[in-house]
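Trainee: Below is target-v1.cif; it holds mmCIF, C-alpha atoms.
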data_my_file
loop_
_atom_site.group_PDB
_atom_site.id
_atom_site.type_symbol
_atom_site.label_atom_id
_atom_site.label_comp_id
_atom_site.auth_asym_id
_atom_site.auth_seq_id
_atom_site.Cartn_x
_atom_site.Cartn_y
_atom_site.Cartn_z
ATOM 1 C CA MET A 23 246.683 8.124 -41.149
ATOM 2 C CA LEU A 24 245.988 10.290 -44.199
ATOM 3 C CA LEU A 25 247.560 13.726 -44.249
ATOM 4 C CA LEU A 26 247.358 16.340 -46.990
ATOM 5 C CA LEU A 27 250.677 17.280 -48.581
ATOM 6 C CA SER A 28 251.102 21.042 -48.373
ATOM 7 C CA LEU A 29 253.859 23.578 -48.803
ATOM 8 C CA ALA A 30 254.942 25.006 -45.467
ATOM 9 C CA GLY A 31 256.719 27.892 -47.179
ATOM 10 C CA CYS A 32 260.001 29.649 -46.671
ATOM 11 C CA ALA A 33 261.365 28.405 -43.370
ATOM 12 C CA GLY A 34 264.328 30.052 -41.778
ATOM 13 C CA ARG A 35 262.796 28.813 -38.550
ATOM 14 C CA HIS A 36 262.881 25.207 -39.799
ATOM 15 C CA ALA A 37 266.481 25.597 -40.927
ATOM 16 C CA ALA A 38 267.436 26.775 -37.450
ATOM 17 C CA GLU A 39 265.621 23.818 -35.866
ATOM 18 C CA ALA A 40 266.908 21.202 -38.288
ATOM 19 C CA GLY A 41 268.328 18.284 -36.341
ATOM 20 C CA ARG A 42 267.363 19.705 -32.962
ATOM 21 C CA GLY A 43 266.091 16.845 -30.803
ATOM 22 C CA GLU A 44 266.248 14.408 -33.728
ATOM 23 C CA VAL A 45 268.227 11.255 -34.468
ATOM 24 C CA ARG A 46 269.055 9.653 -37.780
ATOM 25 C CA VAL A 47 267.192 6.394 -38.380
ATOM 26 C CA ARG A 48 267.093 3.617 -40.936
ATOM 27 C CA VAL A 49 264.115 1.784 -42.399
ATOM 28 C CA VAL A 50 264.131 -1.789 -41.134
ATOM 29 C CA GLY A 51 261.176 -2.945 -43.193
ATOM 30 C CA VAL A 52 257.428 -3.130 -43.517
ATOM 31 C CA GLY A 53 255.325 -5.474 -41.395
ATOM 32 C CA ILE A 54 251.727 -6.235 -40.510
ATOM 33 C CA ASP A 55 250.291 -5.371 -37.088
ATOM 34 C CA GLU A 56 248.855 -8.582 -35.631
ATOM 35 C CA THR A 57 246.102 -6.770 -33.747
ATOM 36 C CA THR A 58 244.711 -4.519 -36.479
ATOM 37 C CA GLY A 59 245.952 -6.245 -39.636
ATOM 38 C CA ALA A 60 247.289 -2.882 -40.844
ATOM 39 C CA HIS A 61 250.731 -2.347 -42.327
ATOM 40 C CA PHE A 62 253.438 -0.497 -40.459
ATOM 41 C CA VAL A 63 256.887 0.769 -41.329
ATOM 42 C CA GLU A 64 259.603 0.173 -38.756
ATOM 43 C CA LEU A 65 262.305 2.783 -38.174
ATOM 44 C CA GLU A 66 265.350 2.021 -36.057
ATOM 45 C CA ASP A 67 267.827 4.173 -34.201
ATOM 46 C CA PRO A 68 270.782 1.734 -34.347
ATOM 47 C CA ALA A 69 272.891 3.572 -31.789
ATOM 48 C CA ALA A 70 270.250 3.440 -29.049
ATOM 49 C CA ARG A 71 268.702 0.121 -30.154
ATOM 50 C CA ARG A 72 265.204 1.525 -30.203
ATOM 51 C CA THR A 73 262.474 1.419 -32.797
ATOM 52 C CA LEU A 74 259.455 3.334 -33.989
ATOM 53 C CA HIS A 75 256.404 1.792 -35.678
ATOM 54 C CA ILE A 76 254.186 3.965 -37.871
ATOM 55 C CA LEU A 77 250.941 2.563 -39.281
ATOM 56 C CA ILE A 78 250.605 3.146 -43.020
ATOM 57 C CA GLY A 79 248.163 2.284 -45.797
ATOM 58 C CA ASP A 80 248.445 -0.717 -48.107
ATOM 59 C CA ALA A 81 249.478 1.337 -51.151
ATOM 60 C CA GLU A 82 252.069 3.240 -49.117
ATOM 61 C CA ALA A 83 253.456 -0.034 -47.722
ATOM 62 C CA ARG A 84 253.834 -1.335 -51.278
ATOM 63 C CA ALA A 85 255.668 1.839 -52.343
ATOM 64 C CA ILE A 86 258.150 1.558 -49.467
ATOM 65 C CA LEU A 87 258.696 -2.157 -50.084
ATOM 66 C CA LEU A 88 259.421 -1.503 -53.741
ATOM 67 C CA GLU A 89 261.946 1.216 -52.898
ATOM 68 C CA LEU A 90 263.597 -0.960 -50.246
ATOM 69 C CA ASN A 91 264.105 -3.668 -52.826
ATOM 70 C CA GLY A 92 265.079 -1.455 -55.751
ATOM 71 C CA VAL A 93 262.026 -2.367 -57.827
ATOM 72 C CA LYS A 94 260.783 0.236 -60.317
ATOM 73 C CA THR A 95 257.231 0.398 -61.645
ATOM 74 C CA PRO A 96 256.371 1.166 -65.293
ATOM 75 C CA ARG A 97 254.504 4.334 -64.273
ATOM 76 C CA PRO A 98 255.494 6.729 -61.452
ATOM 77 C CA LEU A 99 253.942 6.294 -58.026
ATOM 78 C CA THR A 100 253.034 9.288 -55.839
ATOM 79 C CA HIS A 101 256.454 9.657 -54.234
ATOM 80 C CA GLU A 102 258.170 9.286 -57.623
ATOM 81 C CA LEU A 103 255.962 12.020 -59.060
ATOM 82 C CA LEU A 104 256.883 14.238 -56.102
ATOM 83 C CA ARG A 105 260.565 13.541 -56.688
ATOM 84 C CA SER A 106 260.252 14.508 -60.355
ATOM 85 C CA VAL A 107 258.453 17.762 -59.496
ATOM 86 C CA ILE A 108 261.124 18.676 -56.946
ATOM 87 C CA GLU A 109 264.016 17.888 -59.285
ATOM 88 C CA LYS A 110 262.498 19.446 -62.417
ATOM 89 C CA THR A 111 261.910 22.734 -60.588
ATOM 90 C CA GLY A 112 265.576 22.944 -59.636
ATOM 91 C CA ASN A 113 265.210 21.967 -55.984
ATOM 92 C CA ARG A 114 266.805 19.201 -53.949
ATOM 93 C CA VAL A 115 265.814 17.221 -50.865
ATOM 94 C CA ASP A 116 268.168 17.655 -47.925
ATOM 95 C CA ARG A 117 266.494 15.178 -45.606
ATOM 96 C CA ILE A 118 263.135 14.110 -44.240
ATOM 97 C CA ALA A 119 262.094 13.952 -40.597
ATOM 98 C CA ILE A 120 259.253 12.426 -38.591
ATOM 99 C CA VAL A 121 258.620 15.393 -36.338
ATOM 100 C CA ASP A 122 255.471 14.941 -34.260
ATOM 101 C CA LEU A 123 252.578 12.770 -33.096
ATOM 102 C CA ARG A 124 249.228 14.493 -32.604
ATOM 103 C CA ASN A 125 245.870 12.777 -32.091
ATOM 104 C CA ASP A 126 247.398 9.397 -33.013
ATOM 105 C CA THR A 127 248.669 10.798 -36.330
ATOM 106 C CA TYR A 128 252.364 11.090 -37.176
ATOM 107 C CA TYR A 129 253.602 14.175 -39.023
ATOM 108 C CA ALA A 130 256.658 14.426 -41.239
ATOM 109 C CA GLU A 131 258.489 17.199 -43.050
ATOM 110 C CA ILE A 132 260.570 17.182 -46.221
ATOM 111 C CA TYR A 133 263.387 19.743 -46.094
ATOM 112 C CA LEU A 134 264.516 21.354 -49.345
ATOM 113 C CA ASP A 135 267.428 23.544 -50.436
ATOM 114 C CA HIS A 136 269.516 23.637 -47.246
ATOM 115 C CA GLY A 137 266.476 24.088 -45.016
ATOM 116 C CA ARG A 138 265.038 26.994 -46.950
ATOM 117 C CA TYR A 139 261.742 25.183 -47.446
ATOM 118 C CA ALA A 140 259.849 22.533 -45.498
ATOM 119 C CA ILE A 141 256.940 20.498 -46.839
ATOM 120 C CA ASP A 142 254.353 18.929 -44.559
ATOM 121 C CA SER A 143 253.926 15.269 -45.541
ATOM 122 C CA ARG A 144 252.564 11.917 -44.585
ATOM 123 C CA PRO A 145 255.462 9.918 -43.105
ATOM 124 C CA SER A 146 254.909 7.125 -45.630
ATOM 125 C CA ASP A 147 255.293 9.455 -48.641
ATOM 126 C CA ALA A 148 258.322 11.171 -47.117
ATOM 127 C CA ILE A 149 260.017 7.850 -46.320
ATOM 128 C CA ALA A 150 259.400 6.440 -49.813
ATOM 129 C CA LEU A 151 260.758 9.665 -51.332
ATOM 130 C CA ALA A 152 263.881 9.533 -49.150
ATOM 131 C CA LEU A 153 264.553 5.889 -49.997
ATOM 132 C CA GLY A 154 264.310 6.614 -53.715
ATOM 133 C CA ILE A 155 266.903 9.387 -53.629
ATOM 134 C CA HIS A 156 269.012 8.090 -50.731
ATOM 135 C CA ALA A 157 268.218 11.105 -48.564
ATOM 136 C CA PRO A 158 268.809 10.805 -44.805
ATOM 137 C CA ILE A 159 265.826 10.057 -42.576
ATOM 138 C CA PHE A 160 265.467 11.505 -39.085
ATOM 139 C CA ALA A 161 262.934 11.144 -36.272
ATOM 140 C CA ALA A 162 262.224 13.254 -33.197
ATOM 141 C CA GLN A 163 263.668 11.796 -29.998
ATOM 142 C CA LYS A 164 260.327 12.135 -28.197
ATOM 143 C CA LEU A 165 258.606 9.672 -30.535
ATOM 144 C CA PHE A 166 260.589 6.551 -29.676
ATOM 145 C CA ASN A 167 259.441 3.617 -27.624
ATOM 146 C CA PRO A 168 261.714 2.480 -24.783
ATOM 147 C CA ALA A 169 264.554 0.254 -25.923
ATOM 148 C CA ALA A 170 263.476 -3.377 -26.125
ATOM 149 C CA PRO A 171 266.179 -5.513 -27.765
ATOM 150 C CA GLU A 172 264.332 -8.711 -26.858
ATOM 151 C CA ARG A 173 261.117 -7.603 -28.585
ATOM 152 C CA GLN A 174 259.895 -9.924 -31.329
ATOM 153 C CA ARG A 175 259.157 -7.912 -34.464
ATOM 154 C CA ALA A 176 255.700 -9.318 -35.102
ATOM 155 C CA GLY A 177 254.712 -9.266 -38.723
ATOM 156 C CA MET A 178 258.170 -8.342 -40.037
ATOM 157 C CA PRO A 179 259.495 -10.368 -42.972
ATOM 158 C CA ALA A 180 262.256 -12.847 -42.161
ATOM 159 C CA VAL A 181 265.695 -11.757 -43.410
ATOM 160 C CA ALA A 182 268.901 -13.756 -43.936
ATOM 161 C CA GLU A 183 272.421 -13.088 -45.225
ATOM 162 C CA GLY A 184 275.049 -15.163 -46.975
ATOM 163 C CA PHE A 185 276.920 -15.723 -50.284
ATOM 164 C CA GLY A 186 277.159 -11.943 -50.646
ATOM 165 C CA LEU A 187 273.366 -11.602 -50.581
ATOM 166 C CA THR A 188 270.723 -10.309 -48.223
ATOM 167 C CA VAL A 189 267.364 -11.958 -48.826
ATOM 168 C CA GLN A 190 263.915 -11.835 -47.289
ATOM 169 C CA SER A 191 260.889 -14.072 -47.420
ATOM 170 C CA LEU A 192 258.286 -12.927 -49.936
ATOM 171 C CA SER A 193 255.344 -11.121 -48.387
ATOM 172 C CA PRO A 194 251.941 -11.696 -50.047
ATOM 173 C CA GLU A 195 252.101 -8.143 -51.455
ATOM 174 C CA LEU A 196 255.508 -8.641 -53.050
ATOM 175 C CA ALA A 197 254.551 -12.083 -54.343
ATOM 176 C CA ARG A 198 251.549 -10.561 -56.105
ATOM 177 C CA PHE A 199 253.696 -7.789 -57.549
ATOM 178 C CA PHE A 200 256.199 -10.266 -59.010
ATOM 179 C CA ASN A 201 253.384 -12.589 -60.083
ATOM 180 C CA VAL A 202 254.804 -15.550 -58.158
ATOM 181 C CA ALA A 203 253.581 -17.720 -55.296
ATOM 182 C CA PRO A 204 254.489 -16.446 -51.778
ATOM 183 C CA GLN A 205 257.041 -19.262 -51.334
ATOM 184 C CA ALA A 206 258.297 -19.436 -54.905
ATOM 185 C CA GLY A 207 261.653 -18.097 -53.717
ATOM 186 C CA VAL A 208 263.217 -15.354 -51.635
ATOM 187 C CA LEU A 209 263.544 -11.717 -52.587
ATOM 188 C CA VAL A 210 267.082 -10.379 -53.024
ATOM 189 C CA ALA A 211 267.097 -7.245 -50.876
ATOM 190 C CA ASP A 212 270.796 -6.377 -51.212
ATOM 191 C CA VAL A 213 273.862 -7.638 -53.079
ATOM 192 C CA SER A 214 277.597 -7.356 -52.528
ATOM 193 C CA PRO A 215 279.754 -6.030 -55.390
ATOM 194 C CA GLN A 216 280.927 -9.588 -56.110
ATOM 195 C CA SER A 217 277.405 -10.991 -56.308
ATOM 196 C CA GLU A 218 276.372 -8.027 -58.436
ATOM 197 C CA ARG A 219 279.109 -8.919 -60.893
ATOM 198 C CA ALA A 220 277.526 -12.382 -61.083
ATOM 199 C CA GLY A 221 274.478 -10.719 -62.543
ATOM 200 C CA LEU A 222 272.279 -10.695 -59.438
ATOM 201 C CA GLU A 223 270.392 -7.513 -58.582
ATOM 202 C CA ARG A 224 268.121 -6.187 -55.891
ATOM 203 C CA GLY A 225 264.596 -7.270 -56.732
ATOM 204 C CA ASP A 226 265.566 -10.669 -58.155
ATOM 205 C CA ILE A 227 263.743 -13.753 -56.833
ATOM 206 C CA LEU A 228 266.272 -16.399 -55.785
ATOM 207 C CA THR A 229 264.655 -19.802 -56.376
ATOM 208 C CA GLN A 230 267.422 -22.440 -56.117
ATOM 209 C CA ILE A 231 270.824 -23.005 -54.545
ATOM 210 C CA GLU A 232 272.795 -25.998 -55.813
ATOM 211 C CA GLY A 233 269.619 -27.453 -57.321
ATOM 212 C CA GLN A 234 267.666 -27.222 -54.071
ATOM 213 C CA PRO A 235 264.586 -24.969 -53.842
ATOM 214 C CA VAL A 236 264.798 -21.954 -51.553
ATOM 215 C CA ARG A 237 261.336 -20.918 -50.374
ATOM 216 C CA THR A 238 262.000 -18.859 -47.252
ATOM 217 C CA ALA A 239 264.765 -16.853 -45.594
ATOM 218 C CA GLU A 240 265.101 -19.665 -43.043
ATOM 219 C CA GLU A 241 265.788 -22.188 -45.821
ATOM 220 C CA PHE A 242 268.327 -19.812 -47.332
ATOM 221 C CA GLN A 243 270.110 -19.547 -43.978
ATOM 222 C CA ARG A 244 270.259 -23.334 -43.661
ATOM 223 C CA GLN A 245 271.786 -23.557 -47.142
ATOM 224 C CA VAL A 246 274.404 -20.969 -46.224
ATOM 225 C CA LYS A 247 275.395 -23.005 -43.185
ATOM 226 C CA ALA A 248 275.444 -26.310 -45.073
ATOM 227 C CA LEU A 249 277.511 -24.969 -47.985
ATOM 228 C CA GLN A 250 279.855 -22.647 -46.119
ATOM 229 C CA ARG A 251 282.934 -24.700 -47.085
ATOM 230 C CA ARG A 252 282.123 -24.748 -50.794
ATOM 231 C CA ARG A 253 284.216 -22.701 -53.225
ATOM 232 C CA GLN A 254 281.475 -22.356 -55.833
ATOM 233 C CA ILE A 255 277.725 -21.962 -55.421
ATOM 234 C CA ALA A 256 275.313 -22.419 -58.339
ATOM 235 C CA VAL A 257 272.063 -20.458 -58.026
ATOM 236 C CA LYS A 258 268.957 -19.808 -60.101
ATOM 237 C CA PHE A 259 266.782 -16.737 -59.920
ATOM 238 C CA LEU A 260 263.842 -15.040 -61.595
ATOM 239 C CA ARG A 261 263.890 -11.578 -63.123
ATOM 240 C CA ALA A 262 260.872 -10.223 -64.984
ATOM 241 C CA GLY A 263 259.555 -13.753 -65.413
ATOM 242 C CA THR A 264 262.801 -15.082 -66.940
ATOM 243 C CA VAL A 265 264.922 -17.764 -65.279
ATOM 244 C CA HIS A 266 268.632 -16.952 -64.928
ATOM 245 C CA SER A 267 271.550 -18.904 -63.486
ATOM 246 C CA ALA A 268 274.727 -17.708 -61.806
ATOM 247 C CA THR A 269 277.804 -19.247 -60.240
ATOM 248 C CA LEU A 270 279.348 -17.546 -57.243
ATOM 249 C CA ALA A 271 283.026 -18.336 -56.662
ATOM 250 C CA LEU A 272 283.491 -18.019 -52.920
ATOM 251 C CA GLU A 273 286.499 -17.661 -50.669
ATOM 252 C CA ALA A 274 286.846 -17.191 -46.934
ATOM 253 C CA GLY A 275 287.003 -13.456 -47.455
ATOM 254 C CA GLY A 276 284.129 -13.205 -49.962
ATOM 255 C CA ALA A 277 283.281 -13.965 -53.572
ATOM 256 C CA GLU A 278 285.636 -13.853 -56.518
ATOM 257 C CA GLN A 279 284.692 -13.051 -60.098
ATOM 258 C CA PRO A 280 281.487 -15.027 -60.822
ATOM 259 C CA HIS A 281 279.724 -15.973 -64.023
ATOM 260 C CA SER A 282 276.088 -15.786 -65.105
ATOM 261 C CA ALA A 283 273.914 -16.875 -67.999
ATOM 262 C CA GLU A 284 270.289 -16.610 -69.084
ATOM 263 C CA LEU A 285 268.420 -19.891 -69.505
#
Show how you would write the structure in this file as structure tokens.

Mentor:
Amino acid sequence: MLLLLSLAGCAGRHAAEAGRGEVRVRVVGVGIDETTGAHFVELEDPAARRTLHILIGDAEARAILLELNGVKTPRPLTHELLRSVIEKTGNRVDRIAIVDLRNDTYYAEIYLDHGRYAIDSRPSDAIALALGIHAPIFAAQKLFNPAAPERQRAGMPAVAEGFGLTVQSLSPELARFFNVAPQAGVLVADVSPQSERAGLERGDILTQIEGQPVRTAEEFQRQVKALQRRRQIAVKFLRAGTVHSATLALEAGGAEQPHSAEL
């Protein structure tokens, strides 16, 4: 699955073909293939309810997971270095696309400066780059598996929503990165504006709700159901090894102005 990153050069041809036979996709997450034990990234075409799995390396899986959860490393990773080179040289990324599958290897391209340039890339590097700069991600129509809404996403982390938060169970890789046990809490993957005003951020580890430990996304979902009539929810979370607390003031339509404090 290793491809060399190389400049494809000036590409009027690529500009003309941009978007032809492609659909915009979103990154669902990173999982582990039960057969091989290898990581994969899952892309979804929401309109057609179909998905695409691409096997990736461990380091690449970590990079994508970090970008998905808004976690920044002290030193730049490969895709962050690529982003800096592109930006510092006065260029911009238009979009990235997964364009082909040859000999069991997926190929991607990074389009720059309104399609003027295209860069051949590993899909994992291109996806991590796109996530970091919020560039659109596309995939060729021909690459998708048949729609299978009933398919169980083996190896994908469990996800839950509630209290203005989207959380996921900690994978072993993320637990090691945050230096916590795999079930020490749940990772905050997304926050509503109200929860953000409480002081919560993507990348926080939510550990307690109303004094009760939250170890998995399933436990979080049960808490949401049990406390759905409450007006205020007290939570605790970890950030950079420090315990914080927050109070979410909830209404039927969402959360009001909350309060937070460091313990």

Trainee: Write out as a ChimeraX atom specification each polymer residue whose atoms come within 9 Å of range 110-114 of chain A, counting all atoms listed in the file; drop sequence neighbours fewer than 6 positions from it.

Mentor: /A:133-136

Trainee: The selected residues should be written to file as a PDB file, in the frame of the given file (atoms: C-alpha atoms).

Mentor:
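Okay, this is what ended up in result-v8.pdb:
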ATOM      1  CA  TYR A 133     263.387  19.743 -46.094  1.00  0.00           C
ATOM      2  CA  LEU A 134     264.516  21.354 -49.345  1.00  0.00           C
ATOM      3  CA  ASP A 135     267.428  23.544 -50.436  1.00  0.00           C
ATOM      4  CA  HIS A 136     269.516  23.637 -47.246  1.00  0.00           C
TER       5      HIS A 136
END

Trainee: Which one of A:Arg198, A:Gly233, A:Ala182, A:Pro204 sits closest to Lys247 in chain A if you count only C-alpha atoms?

Mentor: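 Using only C-alpha atoms, the shortest distance to Lys247 in chain A belongs to A:Ala182.
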
Trainee: Give me, please, the distance in Å between CA of His61 in chain A and CA of Leu87 in chain A, quoted to one decimal.

Mentor: 11.1 Å

Trainee: In terms of the shortest atom-to-atom distance over all atoms listed in the file, which of A:Leu88, A:Val45, A:Leu192, A:Ala83 is closest to Lys164 in chain A?

Mentor: A:Val45

Trainee: Which distance in Å separates CA of Asp80 in chain A and CA of Tyr139 in chain A, to one decimal?

Mentor: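 Atom-to-atom, CA of Asp80 in chain A and CA of Tyr139 in chain A are spaced 29.1 Å apart.
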
Trainee: How far is it from CA of Glu241 in chain A to CA of Val265 in chain A, in Å with one decimal?

Mentor: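 CA of Val265 in chain A lies 20.0 Å from CA of Glu241 in chain A.
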
Trainee: Might you spell out which residues the PyMOL selection byres ((chain A and resi 95-103) around 12) would select in the displayed file, as JSON, numbers by chain?

Mentor: {"A": [27, 81, 82, 84, 85, 86, 87, 88, 89, 91, 92, 93, 94, 104, 105, 106, 107, 108, 109, 110, 132, 143, 144, 145, 146, 147, 148, 149, 150, 151, 152, 153, 154, 155, 199, 200, 225, 262]}

Trainee: Export C-alpha atoms of the chosen residues as a tab-separated table (two decimals), in the coordinates of the input?

Mentor:
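Dumped to result.tsv:
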chain	number	residue	atom	x	y	z
A	27	LEU	CA	250.68	17.28	-48.58
A	81	ALA	CA	249.48	1.34	-51.15
A	82	GLU	CA	252.07	3.24	-49.12
A	84	ARG	CA	253.83	-1.34	-51.28
A	85	ALA	CA	255.67	1.84	-52.34
A	86	ILE	CA	258.15	1.56	-49.47
A	87	LEU	CA	258.70	-2.16	-50.08
A	88	LEU	CA	259.42	-1.50	-53.74
A	89	GLU	CA	261.95	1.22	-52.90
A	91	ASN	CA	264.10	-3.67	-52.83
A	92	GLY	CA	265.08	-1.46	-55.75
A	93	VAL	CA	262.03	-2.37	-57.83
A	94	LYS	CA	260.78	0.24	-60.32
A	104	LEU	CA	256.88	14.24	-56.10
A	105	ARG	CA	260.56	13.54	-56.69
A	106	SER	CA	260.25	14.51	-60.36
A	107	VAL	CA	258.45	17.76	-59.50
A	108	ILE	CA	261.12	18.68	-56.95
A	109	GLU	CA	264.02	17.89	-59.28
A	110	LYS	CA	262.50	19.45	-62.42
A	132	ILE	CA	260.57	17.18	-46.22
A	143	SER	CA	253.93	15.27	-45.54
A	144	ARG	CA	252.56	11.92	-44.58
A	145	PRO	CA	255.46	9.92	-43.10
A	146	SER	CA	254.91	7.12	-45.63
A	147	ASP	CA	255.29	9.46	-48.64
A	148	ALA	CA	258.32	11.17	-47.12
A	149	ILE	CA	260.02	7.85	-46.32
A	150	ALA	CA	259.40	6.44	-49.81
A	151	LEU	CA	260.76	9.66	-51.33
A	152	ALA	CA	263.88	9.53	-49.15
A	153	LEU	CA	264.55	5.89	-50.00
A	154	GLY	CA	264.31	6.61	-53.72
A	155	ILE	CA	266.90	9.39	-53.63
A	199	PHE	CA	253.70	-7.79	-57.55
A	200	PHE	CA	256.20	-10.27	-59.01
A	225	GLY	CA	264.60	-7.27	-56.73
A	262	ALA	CA	260.87	-10.22	-64.98

Trainee: Given only C-alpha atoms as the basis, pick out the residue of A:Val257, A:Ala130, A:Leu77, A:Ala69 nearest to Ile54 in chain A.

Mentor: A:Leu77

Trainee: For His75 in chain A, please output as a short mmCIF file (atom, residue, chain, number, x, y, z; two decimals) with C-alpha atoms, in the frame of the given file all residues within 10 Å (counting all atoms listed in the file; exclusion window: fewer than 3 positions along the same chain).

Mentor:
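Contents of part32.cif, as written:
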data_model
loop_
_atom_site.label_atom_id
_atom_site.label_comp_id
_atom_site.auth_asym_id
_atom_site.auth_seq_id
_atom_site.Cartn_x
_atom_site.Cartn_y
_atom_site.Cartn_z
CA VAL A 52 257.43 -3.13 -43.52
CA GLY A 53 255.32 -5.47 -41.40
CA ASP A 55 250.29 -5.37 -37.09
CA HIS A 61 250.73 -2.35 -42.33
CA PHE A 62 253.44 -0.50 -40.46
CA VAL A 63 256.89 0.77 -41.33
CA GLU A 64 259.60 0.17 -38.76
CA LEU A 65 262.30 2.78 -38.17
CA GLU A 66 265.35 2.02 -36.06
CA ILE A 78 250.60 3.15 -43.02
CA LEU A 165 258.61 9.67 -30.54
CA PHE A 166 260.59 6.55 -29.68
CA ASN A 167 259.44 3.62 -27.62
#

Trainee: My list of candidates is A:Ala239, A:Glu195, A:Gly207, A:Ile231. Which is closest to Gln254 in chain A when distances are computed with all atoms listed in the file?

Mentor: A:Ile231

Trainee: Using all atoms listed in the file, which protein or nucleic acid residues come within 12 Å of Pro235 in chain A? Drop anything in the same chain fewer than 6 positions from it, and give the result as an NGL selection string.

Mentor: :A and (205-208 or 227-229 or 241-242 or 244-245 or 256-259)
